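*Asks:* Sharing coords-v3.pdb here; it has PDB, C-alpha atoms.
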ATOM      1  CA  MET A 791     -12.493   3.208 -55.987
ATOM      2  CA  SER A 792     -15.382   0.732 -56.201
ATOM      3  CA  VAL A 793     -17.270  -0.689 -53.211
ATOM      4  CA  ARG A 794     -16.054  -4.167 -54.157
ATOM      5  CA  THR A 795     -12.430  -2.984 -54.048
ATOM      6  CA  VAL A 796     -12.926  -1.455 -50.593
ATOM      7  CA  ILE A 797     -14.480  -4.668 -49.265
ATOM      8  CA  LEU A 798     -11.617  -6.747 -50.679
ATOM      9  CA  MET A 799      -9.028  -4.463 -49.064
ATOM     10  CA  VAL A 800     -10.729  -4.732 -45.682
ATOM     11  CA  HIS A 801     -10.932  -8.520 -46.018
ATOM     12  CA  CYS A 802      -7.275  -8.844 -46.930
ATOM     13  CA  LEU A 803      -5.709  -6.590 -44.321
ATOM     14  CA  LEU A 804      -5.126  -7.252 -40.625
ATOM     15  CA  GLY A 805      -5.011  -4.192 -38.390
ATOM     16  CA  THR A 806      -1.748  -3.484 -36.561
ATOM     17  CA  GLY A 807      -2.855  -0.828 -34.087
ATOM     18  CA  LEU A 808      -4.492  -3.115 -31.539
ATOM     19  CA  ALA A 809      -3.479  -2.649 -27.893
ATOM     20  CA  MET A 810      -2.902  -5.657 -25.660
ATOM     21  CA  GLN A 811      -3.776  -6.099 -21.998
ATOM     22  CA  CYS A 812      -1.779  -8.690 -20.055
ATOM     23  CA  ARG A 813      -2.473 -10.347 -16.724
ATOM     24  CA  LYS A 814      -0.223 -12.611 -14.722
ATOM     25  CA  VAL A 815      -1.334 -16.227 -14.352
ATOM     26  CA  SER A 816      -0.310 -18.342 -11.368
ATOM     27  CA  GLY A 817       2.393 -20.977 -11.819
ATOM     28  CA  LYS A 818       5.654 -21.259 -13.734
ATOM     29  CA  LEU A 819       6.380 -23.022 -17.029
ATOM     30  CA  LYS A 820       9.217 -23.297 -19.531
ATOM     31  CA  GLN A 821       7.000 -23.955 -22.572
ATOM     32  CA  ILE A 822       3.324 -23.443 -23.382
ATOM     33  CA  ASP A 823       0.991 -24.289 -26.254
ATOM     34  CA  ALA A 824      -2.602 -23.246 -26.919
ATOM     35  CA  GLY A 825      -5.002 -24.590 -29.535
ATOM     36  CA  VAL A 826      -8.647 -25.513 -30.117
ATOM     37  CA  GLY A 827      -9.588 -23.802 -26.856
ATOM     38  CA  GLN A 828      -7.115 -25.699 -24.682
ATOM     39  CA  VAL A 829      -3.837 -24.709 -23.004
ATOM     40  CA  PHE A 830      -1.006 -27.101 -22.100
ATOM     41  CA  GLY A 831       2.480 -26.516 -20.759
ATOM     42  CA  VAL A 832       5.515 -28.098 -19.138
ATOM     43  CA  ASN A 833       7.679 -26.836 -16.280
ATOM     44  CA  GLU A 834      11.401 -27.013 -15.603
ATOM     45  CA  ASN A 835      11.008 -30.513 -14.162
ATOM     46  CA  ASP A 836       9.164 -31.710 -17.312
ATOM     47  CA  GLY A 837       5.890 -31.851 -15.403
ATOM     48  CA  ILE A 838       2.871 -31.647 -17.733
ATOM     49  CA  TYR A 839      -0.013 -29.286 -16.993
ATOM     50  CA  THR A 840      -3.287 -28.233 -18.583
ATOM     51  CA  LEU A 841      -5.390 -25.201 -17.707
ATOM     52  CA  TYR A 842      -8.833 -26.327 -16.576
ATOM     53  CA  GLY A 843     -11.348 -23.917 -15.092
ATOM     54  CA  GLY A 844      -8.635 -21.350 -14.509
ATOM     55  CA  THR A 845      -6.477 -23.795 -12.527
ATOM     56  CA  TRP A 846      -3.414 -25.738 -13.646
ATOM     57  CA  THR A 847      -4.009 -29.482 -13.428
ATOM     58  CA  GLN A 848      -1.023 -31.824 -13.602
ATOM     59  CA  LEU A 849      -1.115 -34.805 -15.946
ATOM     60  CA  PRO A 850       0.874 -38.001 -15.437
ATOM     61  CA  GLY A 851       4.146 -38.399 -17.299
ATOM     62  CA  ALA A 852       7.104 -36.179 -18.136
ATOM     63  CA  LEU A 853       7.647 -34.140 -21.313
ATOM     64  CA  LYS A 854      10.028 -31.368 -22.342
ATOM     65  CA  HIS A 855       7.661 -30.042 -25.034
ATOM     66  CA  VAL A 856       3.883 -30.381 -25.418
ATOM     67  CA  THR A 857       1.482 -29.253 -28.130
ATOM     68  CA  VAL A 858      -2.292 -29.172 -28.608
ATOM     69  CA  GLY A 859      -4.229 -28.595 -31.812
ATOM     70  CA  PRO A 860      -6.633 -30.095 -34.348
ATOM     71  CA  SER A 861      -4.693 -33.395 -34.337
ATOM     72  CA  GLY A 862      -4.889 -33.776 -30.562
ATOM     73  CA  VAL A 863      -2.344 -33.484 -27.768
ATOM     74  CA  TRP A 864       1.223 -34.569 -28.503
ATOM     75  CA  GLY A 865       4.595 -34.194 -26.841
ATOM     76  CA  VAL A 866       8.227 -35.238 -26.709
ATOM     77  CA  ASN A 867      10.295 -36.197 -23.672
ATOM     78  CA  ALA A 868      13.925 -35.685 -22.651
ATOM     79  CA  ASN A 869      14.975 -38.643 -24.835
ATOM     80  CA  ASN A 870      13.126 -37.174 -27.863
ATOM     81  CA  TYR A 871      10.531 -39.963 -27.761
ATOM     82  CA  ILE A 872       7.192 -38.890 -29.227
ATOM     83  CA  TYR A 873       3.857 -39.368 -27.444
ATOM     84  CA  LYS A 874       0.184 -38.779 -28.220
ATOM     85  CA  LEU A 875      -2.486 -38.437 -25.551
ATOM     86  CA  VAL A 876      -5.036 -41.173 -26.327
ATOM     87  CA  GLY A 877      -7.882 -41.133 -23.852
ATOM     88  CA  ALA A 878      -6.126 -40.526 -20.546
ATOM     89  CA  ASN A 879      -2.866 -42.249 -21.484
ATOM     90  CA  TRP A 880       0.311 -41.169 -23.242
ATOM     91  CA  VAL A 881       0.944 -43.601 -26.108
ATOM     92  CA  GLN A 882       4.400 -43.701 -27.671
ATOM     93  CA  VAL A 883       4.645 -42.953 -31.377
ATOM     94  CA  PRO A 884       7.533 -44.341 -33.495
ATOM     95  CA  GLY A 885      10.187 -41.776 -34.315
ATOM     96  CA  LEU A 886      12.319 -39.154 -32.571
ATOM     97  CA  LEU A 887      11.680 -35.412 -32.375
ATOM     98  CA  LYS A 888      12.897 -32.627 -30.095
ATOM     99  CA  GLN A 889       9.964 -30.305 -30.877
ATOM    100  CA  VAL A 890       6.496 -31.142 -32.172
ATOM    101  CA  ASP A 891       3.555 -29.054 -33.353
ATOM    102  CA  ALA A 892      -0.144 -29.972 -33.617
ATOM    103  CA  GLY A 893      -1.328 -26.678 -35.104
ATOM    104  CA  GLY A 894      -1.735 -27.891 -38.686
ATOM    105  CA  ASP A 895      -5.024 -29.084 -40.150
ATOM    106  CA  GLN A 896      -5.002 -32.413 -38.254
ATOM    107  CA  PHE A 897      -1.426 -33.219 -39.214
ATOM    108  CA  ILE A 898       1.674 -33.224 -37.005
ATOM    109  CA  SER A 899       5.019 -31.581 -37.739
ATOM    110  CA  GLY A 900       8.317 -31.108 -35.931
ATOM    111  CA  VAL A 901      12.094 -31.242 -35.940
ATOM    112  CA  ASN A 902      14.551 -33.811 -34.604
ATOM    113  CA  MET A 903      17.872 -33.549 -32.769
ATOM    114  CA  HIS A 904      19.699 -33.104 -36.090
ATOM    115  CA  ASP A 905      17.398 -30.191 -37.096
ATOM    116  CA  ASP A 906      15.733 -32.363 -39.746
ATOM    117  CA  VAL A 907      12.102 -31.471 -40.439
ATOM    118  CA  PHE A 908       9.208 -33.953 -40.580
ATOM    119  CA  CYS A 909       5.434 -34.129 -40.815
ATOM    120  CA  LEU A 910       2.793 -36.844 -40.493
ATOM    121  CA  LEU A 911      -0.371 -36.766 -42.609
ATOM    122  CA  ARG A 912      -3.845 -36.345 -41.118
ATOM    123  CA  GLU A 913      -4.904 -39.932 -41.807
ATOM    124  CA  HIS A 914      -2.085 -41.161 -39.574
ATOM    125  CA  THR A 915      -2.266 -38.561 -36.796
ATOM    126  CA  VAL A 916      -6.009 -38.679 -36.154
ATOM    127  CA  GLY A 917      -6.172 -42.439 -36.466
ATOM    128  CA  TYR A 918      -3.126 -43.217 -34.338
ATOM    129  CA  LYS A 919      -4.111 -45.417 -31.390
ATOM    130  CA  GLY A 920      -0.863 -47.151 -30.508
ATOM    131  CA  ALA A 921       1.291 -50.090 -31.577
ATOM    132  CA  GLY A 922       0.357 -51.249 -35.061
ATOM    133  CA  SER A 923      -0.874 -47.884 -36.302
ATOM    134  CA  PRO A 924       1.205 -46.742 -39.304
ATOM    135  CA  THR A 925       3.423 -43.662 -38.907
ATOM    136  CA  PRO A 926       5.080 -42.919 -42.263
ATOM    137  CA  TRP A 927       6.840 -39.657 -41.418
ATOM    138  CA  THR A 928       7.428 -37.368 -44.408
ATOM    139  CA  GLY A 929      10.863 -35.743 -44.514
ATOM    140  CA  ILE A 930      10.927 -32.082 -45.522
ATOM    141  CA  PRO A 931      14.123 -30.676 -47.092
ATOM    142  CA  GLY A 932      16.003 -28.151 -44.975
ATOM    143  CA  LYS A 933      17.253 -27.672 -41.414
ATOM    144  CA  LEU A 934      15.266 -25.989 -38.634
ATOM    145  CA  ILE A 935      15.366 -25.782 -34.857
ATOM    146  CA  TYR A 936      11.644 -24.936 -34.554
ATOM    147  CA  TYR A 937       8.681 -25.579 -36.865
ATOM    148  CA  SER A 938       5.014 -24.639 -36.469
ATOM    149  CA  CYS A 939       2.030 -24.937 -38.797
ATOM    150  CA  GLY A 940      -1.334 -23.320 -39.333
ATOM    151  CA  PRO A 941      -3.891 -23.458 -42.135
ATOM    152  CA  ASN A 942      -2.027 -24.008 -45.421
ATOM    153  CA  VAL A 943       1.212 -22.379 -44.225
ATOM    154  CA  CYS A 944       4.075 -23.479 -41.942
ATOM    155  CA  TRP A 945       6.740 -21.284 -40.348
ATOM    156  CA  GLY A 946      10.156 -22.204 -38.986
ATOM    157  CA  VAL A 947      13.451 -20.830 -37.716
ATOM    158  CA  ASN A 948      16.938 -22.273 -38.170
ATOM    159  CA  LYS A 949      20.016 -22.266 -35.930
ATOM    160  CA  ASN A 950      20.997 -18.867 -37.330
ATOM    161  CA  HIS A 951      17.588 -17.533 -36.248
ATOM    162  CA  GLU A 952      16.541 -16.986 -39.865
ATOM    163  CA  ILE A 953      12.798 -17.236 -40.522
ATOM    164  CA  PHE A 954      11.271 -19.391 -43.259
ATOM    165  CA  VAL A 955       7.774 -20.071 -44.591
ATOM    166  CA  ARG A 956       6.455 -23.062 -46.520
ATOM    167  CA  LYS A 957       3.185 -22.584 -48.432
ATOM    168  CA  GLY A 958       0.663 -25.027 -49.867
ATOM    169  CA  VAL A 959       0.616 -27.312 -46.838
ATOM    170  CA  PHE A 960      -2.515 -29.459 -46.562
ATOM    171  CA  PRO A 961      -3.732 -32.428 -44.460
ATOM    172  CA  ALA A 962      -2.994 -34.893 -47.255
ATOM    173  CA  ALA A 963       0.153 -33.054 -48.452
ATOM    174  CA  CYS A 964       2.028 -31.775 -45.412
ATOM    175  CA  LEU A 965       5.238 -31.474 -47.439
ATOM    176  CA  GLY A 966       3.869 -28.357 -49.141
ATOM    177  CA  ASN A 967       3.977 -27.425 -52.794
ATOM    178  CA  THR A 968       6.596 -24.663 -52.700
ATOM    179  CA  ASP A 969      10.215 -24.158 -51.668
ATOM    180  CA  TRP A 970      11.181 -22.327 -48.483
ATOM    181  CA  LEU A 971      10.561 -18.578 -48.542
ATOM    182  CA  LEU A 972      13.006 -16.511 -46.471
ATOM    183  CA  VAL A 973      11.250 -13.839 -44.400
ATOM    184  CA  ALA A 974      13.012 -10.752 -43.060
ATOM    185  CA  GLY A 975      13.742 -10.794 -39.326
ATOM    186  CA  LYS A 976      15.386 -12.988 -36.685
ATOM    187  CA  LEU A 977      13.636 -15.267 -34.166
ATOM    188  CA  VAL A 978      14.581 -18.177 -31.917
ATOM    189  CA  MET A 979      11.070 -19.663 -31.775
ATOM    190  CA  ILE A 980       7.837 -19.135 -33.681
ATOM    191  CA  GLU A 981       4.249 -20.284 -33.229
ATOM    192  CA  VAL A 982       1.338 -20.304 -35.670
ATOM    193  CA  GLY A 983      -2.226 -20.213 -34.359
ATOM    194  CA  THR A 984      -4.921 -22.371 -35.910
ATOM    195  CA  ASP A 985      -6.334 -19.153 -37.408
ATOM    196  CA  GLY A 986      -3.009 -18.416 -39.118
ATOM    197  CA  SER A 987      -1.783 -15.806 -36.622
ATOM    198  CA  VAL A 988       2.007 -15.817 -36.161
ATOM    199  CA  TYR A 989       3.989 -14.811 -33.078
ATOM    200  CA  GLY A 990       7.638 -15.298 -32.171
ATOM    201  CA  VAL A 991      10.448 -14.477 -29.760
ATOM    202  CA  ASN A 992      13.939 -13.268 -30.677
ATOM    203  CA  ALA A 993      17.274 -13.891 -28.952
ATOM    204  CA  ALA A 994      16.832 -10.766 -26.818
ATOM    205  CA  GLY A 995      13.529 -12.063 -25.440
ATOM    206  CA  ASN A 996      11.368  -9.628 -27.401
ATOM    207  CA  VAL A 997       7.969 -10.807 -28.663
ATOM    208  CA  TYR A 998       6.791 -10.022 -32.189
ATOM    209  CA  ARG A 999       3.529 -10.412 -34.096
ATOM    210  CA  ARG A1000       3.367 -10.906 -37.851
ATOM    211  CA  ASP A1001       0.932  -8.382 -39.332
ATOM    212  CA  GLY A1002      -0.935  -8.291 -42.615
ATOM    213  CA  ILE A1003      -1.740 -12.021 -42.618
ATOM    214  CA  SER A1004      -4.897 -12.970 -44.512
ATOM    215  CA  ALA A1005      -6.213 -15.413 -47.090
ATOM    216  CA  CYS A1006      -4.883 -12.986 -49.684
ATOM    217  CA  GLU A1007      -1.469 -12.659 -48.062
ATOM    218  CA  PRO A1008      -0.767 -15.730 -45.852
ATOM    219  CA  VAL A1009       2.835 -14.668 -45.207
ATOM    220  CA  GLY A1010       1.845 -11.197 -44.017
ATOM    221  CA  THR A1011       3.728  -7.958 -44.509
ATOM    222  CA  ASP A1012       5.789  -6.949 -41.452
ATOM    223  CA  TRP A1013       6.589  -7.532 -37.766
ATOM    224  CA  THR A1014       5.271  -5.571 -34.785
ATOM    225  CA  PHE A1015       7.166  -5.505 -31.469
ATOM    226  CA  LEU A1016       4.841  -6.225 -28.532
ATOM    227  CA  SER A1017       6.417  -4.352 -25.633
ATOM    228  CA  GLU A1018       3.526  -5.305 -23.300
ATOM    229  CA  CYS A1019       4.830  -8.888 -23.164
ATOM    230  CA  GLY A1020       8.154  -7.996 -21.517
ATOM    231  CA  LYS A1021      11.213 -10.232 -21.809
ATOM    232  CA  SER A1022       9.993 -13.685 -22.803
ATOM    233  CA  LYS A1023      11.159 -17.114 -23.940
ATOM    234  CA  HIS A1024       8.017 -18.757 -25.333
ATOM    235  CA  VAL A1025       4.618 -17.753 -26.734
ATOM    236  CA  SER A1026       1.485 -19.373 -28.144
ATOM    237  CA  PHE A1027      -1.756 -17.894 -29.512
ATOM    238  CA  ASP A1028      -5.350 -19.169 -29.615
ATOM    239  CA  LEU A1029      -8.830 -17.601 -29.662
ATOM    240  CA  GLY A1030      -7.630 -14.065 -29.044
ATOM    241  CA  HIS A1031      -5.275 -14.958 -26.194
ATOM    242  CA  LEU A1032      -1.496 -14.709 -26.449
ATOM    243  CA  TRP A1033       0.094 -16.916 -23.789
ATOM    244  CA  VAL A1034       3.552 -15.699 -22.816
ATOM    245  CA  ILE A1035       6.260 -17.380 -20.735
ATOM    246  CA  ALA A1036       8.633 -14.795 -19.257
ATOM    247  CA  VAL A1037      12.342 -15.462 -18.874
ATOM    248  CA  ASP A1038      11.770 -16.299 -15.188
ATOM    249  CA  GLY A1039       9.063 -18.840 -16.073
ATOM    250  CA  SER A1040       6.116 -16.707 -15.006
ATOM    251  CA  ILE A1041       3.006 -16.851 -17.204
ATOM    252  CA  ARG A1042       1.036 -14.019 -18.793
ATOM    253  CA  ASP A1043      -2.290 -14.113 -20.607
ATOM    254  CA  CYS A1044      -2.431 -11.216 -23.068
ATOM    255  CA  VAL A1045      -5.697 -10.289 -24.764
ATOM    256  CA  VAL A1046      -6.112  -7.976 -27.724
TER
END
Once more with this new file: its structure as structure tokens, please.

*Replies:*
Amino acid sequence: MSVRTVILMVHCLLGTGLAMQCRKVSGKLKQIDAGVGQVFGVNENDGIYTLYGGTWTQLPGALKHVTVGPSGVWGVNANNYIYKLVGANWVQVPGLLKQVDAGGDQFISGVNMHDDVFCLLREHTVGYKGAGSPTPWTGIPGKLIYYSCGPNVCWGVNKNHEIFVRKGVFPAACLGNTDWLLVAGKLVMIEVGTDGSVYGVNAAGNVYRRDGISACEPVGTDWTFLSECGKSKHVSFDLGHLWVIAVDGSIRDCVV
């Protein structure tokens, strides 16, 4: 085997034997999202919080789902209205979604109350300032209850907990250039980190990591059960930290 072949194999494979250490973080949340070095979450009363200097700081407003990533901080409220954090204010964005994700390359994606899937190109997400800014949402064929994007690839789960991947997703072409690829396994929610890492939770509350993801194999190869996380309902990954919301709302910060 040549040296070049060995280097390519190392570059293309992601190790699966890494141990995780988890610590409990103060507070309780129902949903959490981490991206670009920031952490946001919402509690059972739809209160919005961000982790600043190791302390949860409450933001004004009420959201049932919040997301942070390269396209900024976005969220949706109990009425499925969409908001973007512009400066220190939540500005409403035309459209309706029940879940939104800012993990793509400066584009936004999400699903509505009918499980329809949508995305908004980078030129419209980054430049959105409020009333008058264009928001031509792109409809994506298929039905999902949860949708999350990373670099060039988006992952989703449907009401039957089946897992799907869409490749060839770019800032100026968030629709993707391939059909849905069915991936073995069952999950109720899934999150993609801005580095392409994929984590999810199944109906039993078990947390899984997708292994083998690389530039050579963006869909990865298999799932690894992360027993250290305990029974959970939501996860998000950024900069080596896996943020886990337990079934009782308690928060864990797990580091590889």

*Asks:* With all atoms listed in the file counted, which protein, DNA or RNA residues have an atom no more than 7 Å from (11.6, -24.7, -37.4) in the file frame? Please answer as a list in words.

*Replies:* Val901, Leu934, Ile935, Tyr936, Tyr937, Ser938, Trp945, Gly946, Val947 and Asn948 of chain A

*Asks:* Report the closest atom pair, with its distance in Å rounded to one decimal, for each residue of stretch 964-1045 of chain A that has an atom no farther than 12 Å from stretch 895-898 of chain A; count all atoms listed in the file, sort by chain and then rising residue number, and write it as CSV.

*Replies:*
residue,atom,partner,partner_atom,distance
A:Cys964,CA,A:Phe897,CA,7.2
A:Leu965,CA,A:Phe897,CA,10.7
A:Val982,CA,A:Asp895,CA,11.7
A:Gly983,CA,A:Asp895,CA,11.0
A:Thr984,CA,A:Asp895,CA,7.9
A:Asp985,CA,A:Asp895,CA,10.4
A:Gly986,CA,A:Asp895,CA,10.9

*Asks:* What would the selection look like, as a ChimeraX atom specification, if the PyMOL selection byres ((chain A and resi 987) around 12) were run on the coordinates I just shared?

*Replies:* /A:804,825,893,938-941,943-945,980-986,988-990,998-1005,1007-1010,1013,1025-1032

*Asks:* Please evaluate the PyMOL selection byres ((chain A and resi 848-854) around 9) against the structure above and give the resulting residues as an MDAnalysis selection string.

*Replies:* chainID A and resid 820:821 832:841 846:847 855:856 865:868 870 873 878:880 888:889

*Asks:* If you measure from atom CA of A:Gly859 to atom CA of A:Thr925, what distance in Å do you get, rounded to one decimal?

*Replies:*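 Taking atom CA of A:Gly859 as the start and atom CA of A:Thr925 as the end point, the length is 18.3 Å.
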
*Asks:* What's around A:Tyr871 at 8 Å? Count all atoms listed in the file, leave out sequence neighbours fewer than 4 positions away in its own chain, and write the answer as a short mmCIF file (atom, residue, chain, number, x, y, z; two decimals) with C-alpha atoms, in the frame of the given file.

*Replies:*
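Saved the output as around_4.cif:
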data_model
loop_
_atom_site.label_atom_id
_atom_site.label_comp_id
_atom_site.auth_asym_id
_atom_site.auth_seq_id
_atom_site.Cartn_x
_atom_site.Cartn_y
_atom_site.Cartn_z
CA VAL A 866 8.23 -35.24 -26.71
CA ASN A 867 10.30 -36.20 -23.67
CA GLN A 882 4.40 -43.70 -27.67
CA VAL A 883 4.64 -42.95 -31.38
CA PRO A 884 7.53 -44.34 -33.49
CA GLY A 885 10.19 -41.78 -34.32
CA LEU A 886 12.32 -39.15 -32.57
CA LEU A 887 11.68 -35.41 -32.38
#

*Asks:* Restricting the calculation to all atoms listed in the file: of A:Ser899, A:Ser1022, A:Thr968, A:Gln828, which residue gets closest to A:Ala994?

*Replies:*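 Ranking A:Ser899, A:Ser1022, A:Thr968, A:Gln828 by distance to A:Ala994, first place goes to A:Ser1022.
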
*Asks:* Determine the nearest neighbour of A:Leu972 from the options A:Asp1038, A:Thr1014, A:Phe960, A:Val955, counting only C-alpha atoms.

*Replies:* A:Val955

*Asks:* Step by step, gather every atom of stretch 971-986 of chain A that the file lists, find the box along x, y and z that holds them, add 4 Å on each side, and finally give centre and edge lengths in Å to one decimal, as AutoDock Vina command-line options.

*Replies:*
--center_x 4.5 --center_y -16.6 --center_z -40.2 --size_x 29.7 --size_y 19.6 --size_z 24.8
